[in-house]
Amino acid sequence: MNKANEANFDGLVGPTHNYSGLSFGNVASLNNVDQPSNPKEAAKQGLTKMKALADMGFIQGVLAPHERPHIPSLRRLGFSGSDAQVLQQASKHAPKILAAASSASCMWTANAATVSPSADTHDGRVHFTPANLVNKFHRSIEHETTGAILAATFNNAEHFAHHQALPSVDHFGDEGAANHTRFSAEYGQQGIEFFVYGMAAFDSSVPKPSRFPARHTLEASQAVARMHGLTDEKVVYAQQNPAVIDAGVFHNDVIAVGNRNAHFYHQEAFLDTEKMQKDIMTAWGDNPETFHFIEVPSQLVSVEECVKSYLFNSQLLSRNANDMTIVVPGECQNIPAVWEYLNSLVAGQGPINQVKVYDLKQSMSNGGGPACLRLRVVLTEAEHAAVNPHCLMNDALYATLNQWVDKHYRDRLIEKDLADPQLLMESRTALDELTKIMQLGSVYDFQKG
Ligand SMILES: N=C(N)NCCC[C@H](NC(=O)CCC(=O)O)C(=O)O
């Protein structure tokens, strides 16, 4: 077994961060529509969390934001002329489409891809499949650039394998790592890959939510497991409870999180909790007593409180199996039942023994908590050494990115600003400079001429 560690790659919030109410089924997105946003503050809140984790000794990476407004997507929909004319026409005839083409949603890198560490895959490489995010138009335009950014960040074919996103149709709706977690006693040993789906596309007997969409299918997860060359006995599938999707749990990472030997989840998260436990224990194999199921009863914290607080959209960070820190958003402190639960959790006998709180309000107002903002990548030492070093957080990169944000970002944005050609120029200038800072090459359409 090679020694390995978990790295977190957070999405850097882009210059067009705004609240457009684009995500039906995501309560915060719908509730905050048309509020003014503060892209500068959003980016800085994210950078603060990244730096804090790096300072704690964890490997912290950064994934660059995408080019927005995305003019090629607008042209594909029939808007034409100069870039300024495209913006102007879209704003006049289809302002919601312009908003979709302007979203900074790639910041939620838990949806960027599914990642399988080398200990789990058939060829001993780390595998990446960008998520097609087909359920929402504004997110369905992410995967190509995501793939380019991942390839520029993990740019070494000996260690990293990059796949294409799955076909962009509902049958293979794929939301990436937000519905995927991994259990293993040590990061470097073969782990259990746990895939959670909202519906089955080719089996009408499987229940579905009725109010809000199930974004992710069983068939998508099965395809990813095949492409990554995972071992069948080490793959577990579980269905999300359709009732919690209807209550606003649009990704499983809003109601469950796992790390190493711990699965922390809400009583109502899964359609069949007993089966989920049994299947994980079968895949875990020997020493069942070393695995912890930490189930939060509805009586202590309701599903509604989970959705409001993002208790489960937390990061479980550990250096040892029995020494885990839970990273939660500030909203957890505002809901007494949640804050009481967290305090009793860390005071108890389980593996989670410390809580850290970060202010991520700008992202939270669009339904993105600490766990949404990060893509987990387990890396051996050799793989870590093969990552593009300019994408790894340290004092120098933190200072450079803060200055870069100060120089290029606005501190207020509302929907009508999205039509401003100046905003497009600001965004492109910023990203052009960023590709040099992070040495990514030409990953954006506007750089390809
Ligand atoms: N749970 C995880 N992993 N990710 C959260 C993603 C939030 C994102 N919100 C948005 O896209 C809102 C954009 C807007 O309304 O302007 C979404 O719903 O896909």
# chains A, B, ... in the order shown; residues from 1 in each chain; ligands from 1
call {"tool": "residues_near_ligand", "arguments": {"ligand": "ligand 1", "cutoff": "6 Å", "atoms": "only C-alpha atoms and all ligand atoms", "output": "PyMOL selection string"}}
result
chain A and resi 18-23+26+29+103+105+108+110-111+178+251+253-254+366-368+372
call {"tool": "select_by_dssp", "arguments": {"residues": "region 64-212 of chain A", "states": "helix (DSSP H, G or I)", "output": "ChimeraX atom specification"}}
result
/A:71-76,83-93,95-102,105-107,109-111,118-120,137-140,143-153,170-172,176-179
call {"tool": "closest_residue", "arguments": {"among": "A:Ala119, A:Leu47, A:Ile149, A:Val134", "to": "Gly441 (chain A)", "atoms": "only C-alpha atoms"}}
result
A:Ile149
call {"tool": "select_by_dssp", "arguments": {"residues": "region 98-193 of chain A", "states": "strand (DSSP E or B)", "output": "list in words"}}
result
Ala113, Thr114, Val115, Ser116, Val126, His127, Phe128, Thr129, Pro130, Phe160, Ala161, His162, His180, Thr181, Arg182, Phe183, Ile192 and Glu193 of chain A
call {"tool": "write_last_selection", "arguments": {"atoms": "N, CA and C atoms", "output": "compact mmCIF listing (two decimals), in the first residue's frame"}}
result
# COMPACT_ATOMS: atom_id res chain seq x y z
N ALA A 113 -16.64 16.82 -10.85
CA ALA A 113 -16.26 15.50 -11.37
C ALA A 113 -16.46 14.44 -10.31
N THR A 114 -16.34 13.18 -10.72
CA THR A 114 -16.17 12.07 -9.77
C THR A 114 -14.71 11.66 -9.88
N VAL A 115 -14.10 11.45 -8.75
CA VAL A 115 -12.67 11.12 -8.72
C VAL A 115 -12.48 9.79 -8.01
N SER A 116 -11.76 8.88 -8.63
CA SER A 116 -11.41 7.61 -7.96
C SER A 116 -9.90 7.57 -7.76
N VAL A 126 -5.17 7.79 -10.92
CA VAL A 126 -6.33 8.52 -10.39
C VAL A 126 -7.23 8.84 -11.59
N HIS A 127 -8.51 8.49 -11.48
CA HIS A 127 -9.43 8.71 -12.61
C HIS A 127 -10.39 9.87 -12.31
N PHE A 128 -10.61 10.67 -13.35
CA PHE A 128 -11.51 11.83 -13.25
C PHE A 128 -12.57 11.76 -14.35
N THR A 129 -13.83 11.88 -13.97
CA THR A 129 -14.89 12.04 -14.97
C THR A 129 -15.67 13.32 -14.66
N PRO A 130 -15.53 14.35 -15.50
CA PRO A 130 -16.31 15.57 -15.28
C PRO A 130 -17.81 15.24 -15.29
N PHE A 160 -2.51 10.27 -13.91
CA PHE A 160 -3.89 10.77 -13.95
C PHE A 160 -4.58 10.40 -15.27
N ALA A 161 -5.80 9.85 -15.15
CA ALA A 161 -6.58 9.50 -16.35
C ALA A 161 -7.82 10.39 -16.39
N HIS A 162 -8.02 11.05 -17.52
CA HIS A 162 -9.16 11.97 -17.66
C HIS A 162 -10.16 11.42 -18.67
N HIS A 180 -21.11 11.14 -4.18
CA HIS A 180 -20.11 10.06 -4.14
C HIS A 180 -19.23 10.28 -2.93
N THR A 181 -18.97 9.21 -2.22
CA THR A 181 -17.98 9.33 -1.14
C THR A 181 -17.18 8.04 -1.09
N ARG A 182 -16.16 8.05 -0.28
CA ARG A 182 -15.26 6.90 -0.26
C ARG A 182 -14.90 6.55 1.17
N PHE A 183 -14.95 5.28 1.46
CA PHE A 183 -14.58 4.83 2.81
C PHE A 183 -13.34 3.94 2.71
N ILE A 192 -13.92 1.70 -0.38
CA ILE A 192 -15.28 1.45 -0.87
C ILE A 192 -15.72 2.74 -1.55
N GLU A 193 -16.18 2.63 -2.78
CA GLU A 193 -16.72 3.83 -3.45
C GLU A 193 -18.24 3.75 -3.35
call {"tool": "residues_around", "arguments": {"residues": "Val328 (chain A)", "least_positions_apart": "6", "cutoff": "8 Å", "atoms": "only C-alpha atoms", "output": "VMD selection string"}}
result
chain A and resid 310 to 311 313 to 315 355 to 358 369 to 370
call {"tool": "closest_residue", "arguments": {"among": "A:Arg75, A:Arg412, A:Arg376, A:Arg428", "to": "Gln362 (chain A)", "atoms": "only C-alpha atoms"}}
result
A:Arg412
call {"tool": "atom_distance", "arguments": {"atom1": "CA of Ala347 (chain A)", "atom2": "CA of Asp323 (chain A)"}}
result
12.4 Å
call {"tool": "residues_around", "arguments": {"residues": "Thr325 (chain A)", "least_positions_apart": "2", "cutoff": "6 Å", "atoms": "only C-alpha atoms", "output": "PyMOL selection string"}}
result
chain A and resi 316-317+352+354-355
call {"tool": "write_last_selection", "arguments": {"atoms": "all heavy atoms", "output": "mmCIF file, in the first residue's frame"}}
result
data_model
loop_
_atom_site.group_PDB
_atom_site.id
_atom_site.type_symbol
_atom_site.label_atom_id
_atom_site.label_comp_id
_atom_site.auth_asym_id
_atom_site.auth_seq_id
_atom_site.Cartn_x
_atom_site.Cartn_y
_atom_site.Cartn_z
ATOM 1 N N LEU A 316 -15.224 16.555 6.540
ATOM 2 C CA LEU A 316 -14.640 15.763 7.620
ATOM 3 C C LEU A 316 -13.162 15.600 7.288
ATOM 4 O O LEU A 316 -12.819 14.970 6.294
ATOM 5 C CB LEU A 316 -15.317 14.397 7.712
ATOM 6 C CG LEU A 316 -16.753 14.373 8.239
ATOM 7 C CD1 LEU A 316 -17.310 12.953 8.208
ATOM 8 C CD2 LEU A 316 -16.795 14.912 9.665
ATOM 9 N N LEU A 317 -12.341 16.208 8.099
ATOM 10 C CA LEU A 317 -10.907 16.210 7.816
ATOM 11 C C LEU A 317 -10.194 15.386 8.867
ATOM 12 O O LEU A 317 -10.458 15.537 10.059
ATOM 13 C CB LEU A 317 -10.366 17.642 7.878
ATOM 14 C CG LEU A 317 -11.057 18.655 6.973
ATOM 15 C CD1 LEU A 317 -10.598 20.055 7.324
ATOM 16 C CD2 LEU A 317 -10.738 18.343 5.517
ATOM 17 N N ILE A 352 -15.424 12.018 15.480
ATOM 18 C CA ILE A 352 -15.423 13.463 15.161
ATOM 19 C C ILE A 352 -15.271 14.238 16.478
ATOM 20 O O ILE A 352 -16.141 14.173 17.351
ATOM 21 C CB ILE A 352 -16.724 13.870 14.429
ATOM 22 C CG1 ILE A 352 -16.931 12.986 13.184
ATOM 23 C CG2 ILE A 352 -16.704 15.350 14.053
ATOM 24 C CD1 ILE A 352 -18.271 13.154 12.477
ATOM 25 N N GLN A 354 -13.749 17.665 16.801
ATOM 26 C CA GLN A 354 -13.513 19.107 16.757
ATOM 27 C C GLN A 354 -14.419 19.726 15.690
ATOM 28 O O GLN A 354 -14.632 19.117 14.637
ATOM 29 C CB GLN A 354 -12.051 19.354 16.379
ATOM 30 C CG GLN A 354 -11.588 20.737 16.715
ATOM 31 C CD GLN A 354 -10.163 21.011 16.204
ATOM 32 O OE1 GLN A 354 -9.631 20.287 15.385
ATOM 33 N NE2 GLN A 354 -9.580 22.082 16.697
ATOM 34 N N VAL A 355 -14.929 20.928 15.972
ATOM 35 C CA VAL A 355 -15.743 21.605 14.955
ATOM 36 C C VAL A 355 -15.113 22.952 14.620
ATOM 37 O O VAL A 355 -14.611 23.650 15.506
ATOM 38 C CB VAL A 355 -17.224 21.747 15.415
ATOM 39 C CG1 VAL A 355 -17.371 22.434 16.734
ATOM 40 C CG2 VAL A 355 -18.080 22.451 14.383
#
call {"tool": "atom_distance", "arguments": {"atom1": "CA of Ile294 (chain A)", "atom2": "CA of Pro117 (chain A)"}}
result
24.5 Å
call {"tool": "atom_distance", "arguments": {"atom1": "CA of Arg68 (chain A)", "atom2": "CA of Ser80 (chain A)"}}
result
16.7 Å
call {"tool": "residues_around", "arguments": {"residues": "Arg211 (chain A)", "least_positions_apart": "4", "cutoff": "10 Å", "atoms": "only C-alpha atoms", "output": "PDB file with C-alpha atoms, in the first residue's frame"}}
result
ATOM      1  CA  PHE A  24     -35.288  24.618  -9.112  1.00  0.00           C
ATOM      2  CA  GLY A  25     -35.173  22.237  -6.140  1.00  0.00           C
ATOM      3  CA  PRO A 242     -37.218  10.781  -2.725  1.00  0.00           C
ATOM      4  CA  ALA A 243     -38.989  12.599   0.125  1.00  0.00           C
ATOM      5  CA  ILE A 245     -35.195  15.525  -2.514  1.00  0.00           C
ATOM      6  CA  ASP A 246     -38.708  16.968  -2.393  1.00  0.00           C
ATOM      7  CA  ALA A 247     -37.736  18.769   0.831  1.00  0.00           C
ATOM      8  CA  GLY A 248     -34.796  20.518  -0.897  1.00  0.00           C
TER       9      GLY A 248
END
call {"tool": "residues_around", "arguments": {"residues": "His70 (chain A)", "least_positions_apart": "2", "cutoff": "12 Å", "atoms": "only C-alpha atoms", "output": "VMD selection string"}}
result
chain A and resid 16 65 to 68 72 to 77 79 83 86 to 87 90 97 to 104 138 to 139 141 to 142 145 418 to 419 423 to 425 427 to 428 444 to 446
call {"tool": "residues_around", "arguments": {"residues": "Asn320 (chain A)", "least_positions_apart": "6", "cutoff": "12 Å", "atoms": "only C-alpha atoms", "output": "ChimeraX atom specification"}}
result
/A:5-6,184-187,259-262,351-353
